[in-house]
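Next up, target_22.txt (compact mmCIF, C-alpha atoms):
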```txt
# COMPACT_ATOMS: atom_id res chain seq x y z
CA MET A 7 -57.35 -38.36 37.41
CA ASN A 8 -59.93 -41.03 38.24
CA LEU A 9 -60.12 -42.14 41.85
CA TRP A 10 -59.17 -45.70 40.91
CA GLU A 11 -55.88 -44.38 39.46
CA THR A 12 -54.72 -43.07 42.83
CA ASN A 13 -53.06 -46.30 43.96
CA ILE A 14 -51.73 -47.47 40.61
CA ARG A 15 -47.97 -47.88 40.51
CA LYS A 16 -46.73 -45.43 37.89
CA ALA A 17 -43.39 -45.62 36.14
CA VAL A 18 -41.41 -43.78 33.49
CA PRO A 19 -40.57 -46.65 31.12
CA TYR A 20 -37.28 -47.50 29.48
CA VAL A 21 -37.20 -46.48 25.82
CA PRO A 22 -35.39 -49.12 23.73
CA GLY A 23 -33.70 -48.48 20.42
CA GLU A 24 -35.93 -48.23 17.38
CA GLN A 25 -36.82 -51.62 15.86
CA PRO A 26 -37.54 -50.86 12.19
CA ASP A 27 -38.61 -53.63 9.84
CA GLN A 28 -37.51 -52.57 6.39
CA GLN A 29 -35.84 -54.16 3.43
CA ARG A 30 -32.33 -53.01 2.57
CA MET A 31 -31.81 -51.27 5.90
CA ILE A 32 -28.66 -51.25 8.01
CA LYS A 33 -29.53 -51.58 11.69
CA LEU A 34 -26.74 -50.30 13.94
CA ASN A 35 -28.77 -48.93 16.85
CA THR A 36 -29.27 -51.76 19.38
CA ASN A 37 -25.82 -53.41 19.60
CA GLU A 38 -26.98 -56.72 18.18
CA ASN A 39 -24.40 -59.11 16.80
CA PRO A 40 -24.30 -58.94 12.98
CA TYR A 41 -23.47 -62.65 12.67
CA PRO A 42 -25.75 -65.65 13.25
CA PRO A 43 -25.48 -67.77 16.41
CA ALA A 44 -23.34 -70.90 16.51
CA PRO A 45 -24.58 -73.60 14.10
CA GLY A 46 -25.27 -75.94 17.00
CA VAL A 47 -27.99 -73.60 18.25
CA ALA A 48 -30.29 -74.25 15.30
CA GLU A 49 -29.43 -77.95 15.35
CA SER A 50 -30.36 -78.19 19.03
CA ILE A 51 -33.73 -76.52 18.40
CA TYR A 52 -34.59 -78.73 15.43
CA ALA A 53 -33.58 -81.83 17.37
CA SER A 54 -35.67 -80.91 20.39
CA ASP A 55 -38.45 -83.22 21.49
CA THR A 56 -41.51 -81.04 20.90
CA ASP A 57 -43.57 -83.30 23.13
CA ARG A 58 -41.65 -81.80 26.05
CA LEU A 59 -43.16 -78.41 25.29
CA ARG A 60 -46.35 -79.50 27.02
CA LEU A 61 -44.31 -79.72 30.25
CA TYR A 62 -43.06 -76.87 32.35
CA PRO A 63 -39.35 -76.10 31.90
CA ASP A 64 -36.83 -76.79 34.64
CA PRO A 65 -37.23 -73.88 37.09
CA GLU A 66 -33.57 -74.25 38.06
CA ALA A 67 -32.49 -73.98 34.39
CA GLY A 68 -30.11 -76.84 35.16
CA VAL A 69 -28.87 -77.60 31.64
CA LEU A 70 -27.88 -73.97 31.13
CA VAL A 71 -26.60 -73.31 34.65
CA ASN A 72 -24.37 -76.39 34.53
CA ALA A 73 -23.05 -75.45 31.09
CA LEU A 74 -22.24 -71.92 32.31
CA ALA A 75 -20.55 -73.27 35.44
CA LYS A 76 -18.39 -75.57 33.33
CA ARG A 77 -17.49 -72.86 30.79
CA TYR A 78 -16.55 -70.26 33.41
CA ARG A 79 -15.11 -72.68 35.99
CA VAL A 80 -17.39 -71.85 38.88
CA LYS A 81 -19.81 -73.92 40.92
CA PRO A 82 -23.38 -74.29 39.63
CA GLU A 83 -24.46 -72.79 42.95
CA GLN A 84 -22.66 -69.59 41.89
CA VAL A 85 -24.74 -69.16 38.70
CA PHE A 86 -28.14 -67.52 38.22
CA ALA A 87 -29.97 -67.58 34.87
CA GLY A 88 -32.74 -65.32 33.64
CA VAL A 89 -34.59 -64.00 30.62
CA GLY A 90 -31.89 -61.71 29.31
CA SER A 91 -29.57 -59.65 31.49
CA ASP A 92 -32.40 -57.12 31.95
CA ASP A 93 -34.39 -59.76 33.83
CA VAL A 94 -31.32 -60.72 35.86
CA LEU A 95 -30.56 -57.11 36.73
CA ALA A 96 -34.18 -56.38 37.64
CA MET A 97 -34.18 -59.38 39.99
CA ALA A 98 -30.89 -58.16 41.48
CA PHE A 99 -32.28 -54.65 42.07
CA LEU A 100 -35.37 -56.14 43.70
CA THR A 101 -33.34 -58.53 45.85
CA PHE A 102 -30.33 -56.50 46.96
CA PHE A 103 -31.25 -52.81 46.92
CA ASN A 104 -33.53 -52.41 49.91
CA SER A 105 -31.67 -49.82 51.97
CA GLN A 106 -32.94 -46.35 52.79
CA LYS A 107 -29.62 -45.08 51.45
CA PRO A 108 -29.38 -44.34 47.73
CA ILE A 109 -27.76 -46.76 45.33
CA LEU A 110 -25.00 -45.29 43.17
CA PHE A 111 -24.44 -45.53 39.43
CA PRO A 112 -22.83 -43.28 36.79
CA ASP A 113 -24.69 -40.30 35.37
CA ILE A 114 -24.01 -41.60 31.85
CA THR A 115 -24.83 -45.27 31.81
CA TYR A 116 -27.40 -47.90 30.88
CA SER A 117 -30.70 -46.04 31.07
CA PHE A 118 -32.63 -48.94 32.57
CA TYR A 119 -30.99 -48.44 35.98
CA ASP A 120 -33.01 -45.38 36.95
CA VAL A 121 -36.15 -47.02 35.53
CA TRP A 122 -35.81 -50.02 37.85
CA ALA A 123 -34.93 -47.76 40.76
CA GLY A 124 -38.11 -45.77 40.15
CA LEU A 125 -40.27 -48.85 39.64
CA PHE A 126 -39.07 -50.56 42.82
CA ARG A 127 -39.01 -47.32 44.84
CA ILE A 128 -35.24 -47.53 45.37
CA PRO A 129 -33.54 -44.22 46.21
CA TYR A 130 -30.62 -43.53 43.89
CA GLN A 131 -27.88 -41.02 43.20
CA THR A 132 -26.00 -40.64 39.94
CA VAL A 133 -22.24 -40.14 40.10
CA PRO A 134 -20.75 -37.97 37.32
CA LEU A 135 -18.22 -39.53 35.00
CA ASP A 136 -15.10 -37.43 34.42
CA PRO A 137 -14.72 -35.35 31.21
CA GLN A 138 -13.32 -38.42 29.42
CA PHE A 139 -16.40 -40.42 30.47
CA ARG A 140 -14.42 -42.50 32.97
CA ILE A 141 -15.42 -43.63 36.46
CA CYS A 142 -13.68 -41.97 39.40
CA ALA A 143 -13.43 -44.75 42.00
CA GLU A 144 -13.08 -42.30 44.88
CA ASP A 145 -16.55 -40.93 44.13
CA TYR A 146 -18.01 -44.23 45.32
CA GLU A 147 -16.52 -43.94 48.81
CA ILE A 148 -19.68 -42.36 50.22
CA PRO A 149 -22.49 -44.02 52.22
CA ASN A 150 -24.83 -45.84 49.86
CA GLY A 151 -27.29 -48.71 49.53
CA GLY A 152 -25.47 -50.45 46.70
CA VAL A 153 -23.43 -49.85 43.56
CA VAL A 154 -24.07 -50.82 39.94
CA PHE A 155 -22.19 -49.93 36.75
CA PRO A 156 -21.47 -51.47 33.35
CA ASN A 157 -17.97 -52.44 32.29
CA PRO A 158 -17.38 -51.55 29.49
CA ASN A 159 -19.78 -48.70 30.07
CA ALA A 160 -22.79 -48.14 27.88
CA PRO A 161 -23.23 -46.00 25.88
CA THR A 162 -19.63 -44.77 26.02
CA GLY A 163 -17.78 -48.08 25.51
CA GLU A 164 -15.10 -47.11 28.03
CA LEU A 165 -13.47 -50.01 29.88
CA GLU A 166 -12.38 -49.75 33.51
CA SER A 167 -9.58 -51.81 35.04
CA LEU A 168 -9.90 -54.62 37.55
CA ALA A 169 -7.92 -52.40 39.94
CA LEU A 170 -10.66 -49.76 39.80
CA ILE A 171 -13.37 -52.37 40.35
CA GLU A 172 -11.48 -53.78 43.32
CA HIS A 173 -11.07 -50.28 44.76
CA ILE A 174 -14.85 -49.82 44.64
CA LEU A 175 -15.37 -53.25 46.22
CA GLN A 176 -12.90 -52.57 49.01
CA HIS A 177 -14.72 -49.36 49.92
CA ASN A 178 -18.22 -50.85 49.70
CA GLN A 179 -18.05 -54.14 51.59
CA ASP A 180 -21.30 -53.49 53.44
CA VAL A 181 -23.45 -53.39 50.25
CA ILE A 182 -23.86 -55.36 47.03
CA VAL A 183 -21.73 -54.22 44.06
CA ILE A 184 -23.08 -55.23 40.63
CA VAL A 185 -20.77 -55.17 37.61
CA ASP A 186 -22.81 -55.33 34.40
CA GLU A 187 -20.58 -57.04 31.82
CA ALA A 188 -22.89 -57.13 28.79
CA TYR A 189 -19.98 -56.13 26.51
CA ILE A 190 -17.00 -57.67 28.30
CA ASP A 191 -16.21 -60.20 25.56
CA PHE A 192 -15.30 -57.48 23.05
CA GLY A 193 -12.02 -56.49 24.64
CA GLY A 194 -12.17 -56.42 28.41
CA THR A 195 -11.15 -58.61 31.31
CA SER A 196 -14.03 -59.93 33.39
CA ALA A 197 -14.22 -59.28 37.12
CA LEU A 198 -14.60 -63.06 37.62
CA PRO A 199 -11.11 -63.33 39.21
CA LEU A 200 -12.44 -61.16 42.08
CA LEU A 201 -15.47 -63.36 42.71
CA ASN A 202 -14.01 -65.55 45.44
CA GLN A 203 -12.44 -62.58 47.22
CA TYR A 204 -15.61 -60.52 47.53
CA GLU A 205 -18.80 -62.21 48.67
CA ASN A 206 -20.78 -59.04 47.88
CA LEU A 207 -19.85 -58.98 44.16
CA LEU A 208 -22.42 -59.88 41.49
CA ILE A 209 -21.31 -60.11 37.84
CA VAL A 210 -24.02 -60.00 35.16
CA GLN A 211 -23.52 -61.10 31.54
CA THR A 212 -25.67 -61.89 28.53
CA PHE A 213 -25.96 -64.01 25.38
CA SER A 214 -27.50 -61.07 23.50
CA LYS A 215 -24.29 -59.47 22.27
CA SER A 216 -21.29 -61.75 21.86
CA ARG A 217 -23.27 -64.97 21.40
CA SER A 218 -25.78 -63.59 18.84
CA LEU A 219 -28.85 -64.63 20.82
CA ALA A 220 -30.65 -61.36 21.57
CA GLY A 221 -33.83 -62.94 20.25
CA MET A 222 -33.66 -65.84 22.71
CA ARG A 223 -33.27 -63.62 25.82
CA ILE A 224 -30.61 -65.34 27.92
CA GLY A 225 -28.88 -63.57 30.78
CA TYR A 226 -26.93 -64.86 33.75
CA ALA A 227 -25.06 -63.78 36.84
CA PHE A 228 -22.13 -65.04 38.86
CA GLY A 229 -21.85 -64.49 42.58
CA SER A 230 -21.21 -66.14 45.90
CA GLU A 231 -23.46 -69.06 46.74
CA THR A 232 -25.19 -66.83 49.28
CA LEU A 233 -26.02 -64.12 46.74
CA ILE A 234 -27.28 -66.63 44.19
CA ARG A 235 -29.47 -68.31 46.79
CA TYR A 236 -31.06 -64.96 47.67
CA LEU A 237 -31.62 -64.22 43.96
CA ASN A 238 -33.29 -67.57 43.38
CA ASN A 239 -35.54 -67.08 46.40
CA VAL A 240 -36.85 -63.85 44.88
CA LYS A 241 -37.15 -65.42 41.42
CA TYR A 242 -39.16 -68.37 42.77
CA SER A 243 -41.38 -65.91 44.64
CA PHE A 244 -41.99 -63.99 41.42
CA ASN A 245 -42.05 -66.54 38.58
CA SER A 246 -40.44 -69.96 38.85
CA TYR A 247 -40.63 -70.84 35.15
CA THR A 248 -38.88 -67.89 33.55
CA MET A 249 -36.90 -69.65 30.80
CA ASN A 250 -38.53 -71.90 28.21
CA GLN A 251 -37.34 -75.33 27.08
CA LEU A 252 -35.97 -74.24 23.70
CA THR A 253 -34.07 -71.30 25.16
CA LEU A 254 -32.33 -73.51 27.73
CA THR A 255 -31.34 -75.99 25.02
CA ALA A 256 -30.13 -73.25 22.66
CA GLY A 257 -28.09 -71.54 25.36
CA ALA A 258 -26.28 -74.74 26.31
CA ALA A 259 -25.56 -75.44 22.62
CA ALA A 260 -24.07 -71.97 22.12
CA LEU A 261 -21.66 -72.54 25.01
CA ARG A 262 -20.37 -75.76 23.49
CA ASP A 263 -19.00 -74.07 20.35
CA GLU A 264 -16.09 -72.09 21.75
CA ALA A 265 -14.29 -71.93 18.39
CA TYR A 266 -17.23 -70.21 16.68
CA PHE A 267 -17.62 -67.83 19.62
CA LYS A 268 -13.97 -66.73 19.42
CA LYS A 269 -14.09 -66.44 15.62
CA THR A 270 -17.13 -64.15 15.71
CA ILE A 271 -15.69 -61.96 18.46
CA HIS A 272 -12.42 -61.61 16.54
CA LYS A 273 -14.29 -60.50 13.40
CA ILE A 274 -16.21 -57.81 15.28
CA ILE A 275 -13.09 -56.52 17.04
CA ALA A 276 -11.16 -56.39 13.76
CA THR A 277 -13.98 -54.44 12.10
CA ARG A 278 -14.22 -52.10 15.08
CA GLU A 279 -10.52 -51.25 14.99
CA ARG A 280 -10.58 -50.68 11.22
CA VAL A 281 -13.63 -48.43 11.50
CA LYS A 282 -11.96 -46.43 14.28
CA GLU A 283 -9.21 -45.47 11.83
CA GLU A 284 -11.74 -44.48 9.17
CA PHE A 285 -13.75 -42.38 11.63
CA GLN A 286 -10.58 -40.57 12.66
CA LYS A 287 -9.91 -39.70 9.01
CA LEU A 288 -13.40 -38.20 8.82
CA GLY A 289 -12.72 -35.99 11.85
CA PHE A 290 -14.84 -37.83 14.41
CA LEU A 291 -13.83 -37.82 18.06
CA PHE A 292 -14.37 -40.85 20.29
CA GLY A 293 -12.89 -42.87 23.12
CA ASP A 294 -11.12 -46.21 22.88
CA SER A 295 -14.26 -48.34 22.86
CA GLN A 296 -13.79 -51.93 24.00
CA SER A 297 -17.37 -52.90 23.18
CA ASN A 298 -19.21 -53.75 19.97
CA PHE A 299 -20.08 -50.11 19.31
CA LEU A 300 -18.49 -46.69 18.98
CA PHE A 301 -19.62 -43.53 20.75
CA VAL A 302 -18.72 -40.67 18.43
CA THR A 303 -19.07 -36.94 17.99
CA HIS A 304 -18.03 -34.61 15.18
CA PRO A 305 -16.81 -31.07 15.91
CA ASP A 306 -18.48 -29.57 12.81
CA VAL A 307 -21.84 -31.36 12.56
CA HIS A 308 -24.34 -31.91 15.35
CA ALA A 309 -25.10 -35.55 16.13
CA GLN A 310 -28.84 -35.14 15.65
CA LYS A 311 -28.33 -33.92 12.09
CA LEU A 312 -26.11 -36.91 11.34
CA PHE A 313 -28.67 -39.21 12.94
CA GLU A 314 -31.44 -37.85 10.73
CA ALA A 315 -29.30 -37.91 7.60
CA LEU A 316 -28.37 -41.56 8.18
CA LYS A 317 -31.97 -42.47 8.84
CA GLU A 318 -32.96 -41.02 5.48
CA GLU A 319 -30.55 -43.54 3.95
CA HIS A 320 -32.15 -46.34 6.00
CA ILE A 321 -29.15 -46.56 8.30
CA TYR A 322 -30.22 -46.65 11.95
CA VAL A 323 -27.90 -45.58 14.76
CA ARG A 324 -28.70 -44.45 18.32
CA TYR A 325 -29.04 -40.83 19.36
CA PHE A 326 -29.57 -39.87 23.02
CA ASN A 327 -31.12 -36.46 23.65
CA LYS A 328 -29.69 -36.27 27.16
CA PRO A 329 -27.39 -33.91 29.07
CA ARG A 330 -23.66 -34.25 28.29
CA ILE A 331 -24.22 -36.75 25.45
CA ASP A 332 -26.70 -34.97 23.17
CA ASN A 333 -23.98 -34.43 20.57
CA TYR A 334 -22.95 -38.09 20.34
CA LEU A 335 -24.05 -41.08 18.32
CA ARG A 336 -23.74 -44.68 19.42
CA ILE A 337 -23.00 -46.84 16.39
CA THR A 338 -23.08 -50.63 16.58
CA ILE A 339 -20.34 -52.51 14.76
CA GLY A 340 -21.98 -54.39 11.89
CA THR A 341 -20.43 -56.49 9.16
CA ASP A 342 -17.59 -55.05 7.12
CA GLU A 343 -19.99 -54.51 4.24
CA GLU A 344 -22.48 -52.64 6.43
CA MET A 345 -19.78 -50.44 7.92
CA ASP A 346 -18.42 -49.61 4.47
CA VAL A 347 -21.87 -48.40 3.39
CA LEU A 348 -22.12 -46.31 6.56
CA LEU A 349 -18.68 -44.79 5.95
CA ASP A 350 -19.53 -43.96 2.33
CA VAL A 351 -22.72 -42.17 3.39
CA LEU A 352 -20.85 -40.21 6.07
CA ARG A 353 -18.10 -39.21 3.62
CA GLY A 354 -20.69 -37.91 1.19
CA TYR A 355 -22.61 -36.03 3.85
CA LEU A 356 -19.53 -34.42 5.39
CA LYS A 357 -18.18 -33.44 1.98
CA LYS A 358 -21.40 -31.53 1.28
CA ASN A 359 -21.94 -30.04 4.74
CA VAL A 360 -18.51 -29.29 6.23
```

Can the structure in the file be given as structure tokens, please?
Amino acid sequence: MNLWETNIRKAVPYVPGEQPDQQRMIKLNTNENPYPPAPGVAESIYASDTDRLRLYPDPEAGVLVNALAKRYRVKPEQVFAGVGSDDVLAMAFLTFFNSQKPILFPDITYSFYDVWAGLFRIPYQTVPLDPQFRICAEDYEIPNGGVVFPNPNAPTGELESLALIEHILQHNQDVIVIVDEAYIDFGGTSALPLLNQYENLLIVQTFSKSRSLAGMRIGYAFGSETLIRYLNNVKYSFNSYTMNQLTLTAGAAALRDEAYFKKTIHKIIATRERVKEEFQKLGFLFGDSQSNFLFVTHPDVHAQKLFEALKEEHIYVRYFNKPRIDNYLRITIGTDEEMDVLLDVLRGYLKKNV
């Protein structure tokens, strides 16, 4: 090692899902929405005054923050916006997790949590999920520097109840509890009803999944006015102009089309439930996912072999070579046509190999 490397901050980076660029592929590995964003999104971009692009965007993201506040019936002072939920979560880690005690999160969860903890030098402790991949609320009744978990969980898709979330909040009132709701629109109930009861609760959501805007990078958080003020103070100390003009306009436009939002969500849920039945017929085992993906295993074929076989057919799913889940695949719910192709390939493979 060179001497000048001694004081460089080193990190083990997050590894995102593969982003292939092929014709005639089926991409089911990064939980993107298979349908386009609301029509008003494109219209808002085309109608934008391009002369404004020479100006800095609103650092307060007012047009988006106000639209979110109106849609979710909270005060604008209770909303924080950022460049995707990853940016929002990173800011939250940096802002709220500064104790010498370890933060807590599940052992099987979004794999960016330990990356941020390592990058920001935050001590952490993983809490094992039970054999059914569910959170045990009592396990979070130990001294800690903060709590964070997704609901529904990723990559398992398991949804926890508001009662469980409230139990964790009641036993952790001296730290910040972050509920990461990236997939909440696909079947769950948001923790928003708890917001006014618990000043230490931060709820993080995203436009990347249910609103088909992964490419625009829009994330947001709801919290008490105090928490949001602290978040903004850190944001303004880091980078005031995080969201560009077109993204703010597009995000506000997406929120205005509630009918399209509900229609798209309904289509994905209907496809998910149909595919669950087909996967059962093929012998797959999985939980009752309430997200836009399934987390499946087959008793007779290892997940890595299935992953490689699907990839040969230009069908991309996610395989995690990690303890406890190295025999599972996470499969995003695509269109009905895409899922039918996937099912046909799996039927053929299993017929030959089982």

(message) Would you compute the distance between CA of Glu83 (chain A) and CA of Gln203 (chain A)? Give it in Å to one decimal.
(response)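 CA of Gln203 (chain A) lies 16.3 Å from CA of Glu83 (chain A).
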
(request) Could you check which of A:Leu300, A:Leu9, A:Leu125, A:Ala315 is closest to Ala160 (chain A), using all atoms listed in the file? (result) A:Leu300

(request) In Å, rounded to a single decimal, give me how far CA of Pro158 (chain A) is from CA of Trp122 (chain A). (result) 20.3 Å

(request) Find, counting only C-alpha atoms, the residue in A:Arg223, A:His320, A:Arg15, A:Lys215 that gets nearest to Thr253 (chain A). (result)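 Closest residue, counting only C-alpha atoms: A:Arg223.
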
(request) Enter the distance from CA of Met249 (chain A) to CA of Arg235 (chain A), in Å, rounded to one decimal. (result)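 Taking CA of Met249 (chain A) and CA of Arg235 (chain A), their separation equals 17.7 Å.
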
(message) So that I can check the surroundings of Pro82 (chain A), please list as an MDAnalysis selection string every protein, DNA and RNA residue that reaches within 10 Å of it, counting all atoms listed in the file and ignoring chain neighbours fewer than 3 positions away.
(response) chainID A and resid 68 70:76 79 85:86 228 231 234

(request) Tell me which protein, DNA and RNA residues are within 10 Å of region 321-335 of chain A, counting all atoms listed in the file, leaving out same-chain ones fewer than 3 positions away, and put them as a PyMOL selection string. (result) chain A and resi 22-26+30-37+113-114+137+139+161-162+291-292+299-305+307-318+338+344+347-348+351

Near region 262-267 of chain A, 9 Å: region 14-125 of chain A residue rows, closest pairs, only C-alpha atoms, as a tab-separated table:
```
residue	atom	partner	partner_atom	distance
A:Pro43	CA	A:Phe267	CA	8.5
A:Ala44	CA	A:Tyr266	CA	6.2
A:Pro45	CA	A:Asp263	CA	8.4
A:Gly46	CA	A:Asp263	CA	7.4
A:Ala73	CA	A:Arg262	CA	8.1
A:Arg77	CA	A:Arg262	CA	8.4
```

(request) Taking the point (-20.0, -47.9, 12.1) as given in the file, collect each protein or nucleic acid residue that comes within 6 Å of it, counting all atoms listed in the file, and present the set as a count of residues only. (result) 3

(request) Counting only C-alpha atoms, figure out which residue out of A:Asn150, A:Asn13, A:Gln138, A:Gln286 gets nearest to Leu165 (chain A). (result)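 Looking at the shortest contact to Leu165 (chain A), the residue is A:Gln138.
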
(message) When you count all atoms listed in the file, which of these residues is closest to Ala197 (chain A): A:Tyr78, A:Ser297, A:Glu279, A:Ala123?
(response)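 Nearest to Ala197 (chain A): A:Tyr78.
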
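Between Gly293 (chain A) and the residues A:Ser54, A:Gln131, A:Ser230, A:Asn159, the shortest atom-to-atom distance, using only C-alpha atoms, involves A:Asn159.
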
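Of the listed residues (A:Leu198, A:Lys16, A:Val360, A:Gln251), A:Gln251 comes nearest to Thr56 (chain A); the distances count all atoms listed in the file.
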
Set the distance at 9 Å and use only C-alpha atoms: which residues neighbour Gln176 (chain A) once local chain neighbours fewer than 4 positions away are removed? I'd like the list as a PDB file with C-alpha atoms, in the frame of the given file.
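Listing of around.pdb after writing:
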```
ATOM      1  CA  ILE A 171     -13.370 -52.370  40.350  1.00  0.00           C
ATOM      2  CA  GLU A 172     -11.480 -53.780  43.320  1.00  0.00           C
ATOM      3  CA  TYR A 204     -15.610 -60.520  47.530  1.00  0.00           C
TER       4      TYR A 204
END
```

(request) Taking the point (-15.8, -63.2, 21.9) as given in the file, collect each protein or nucleic acid residue that comes within 6 Å of it, counting only C-alpha atoms, and present the set as a PyMOL selection string. (result) chain A and resi 191-192+216+267-268+271
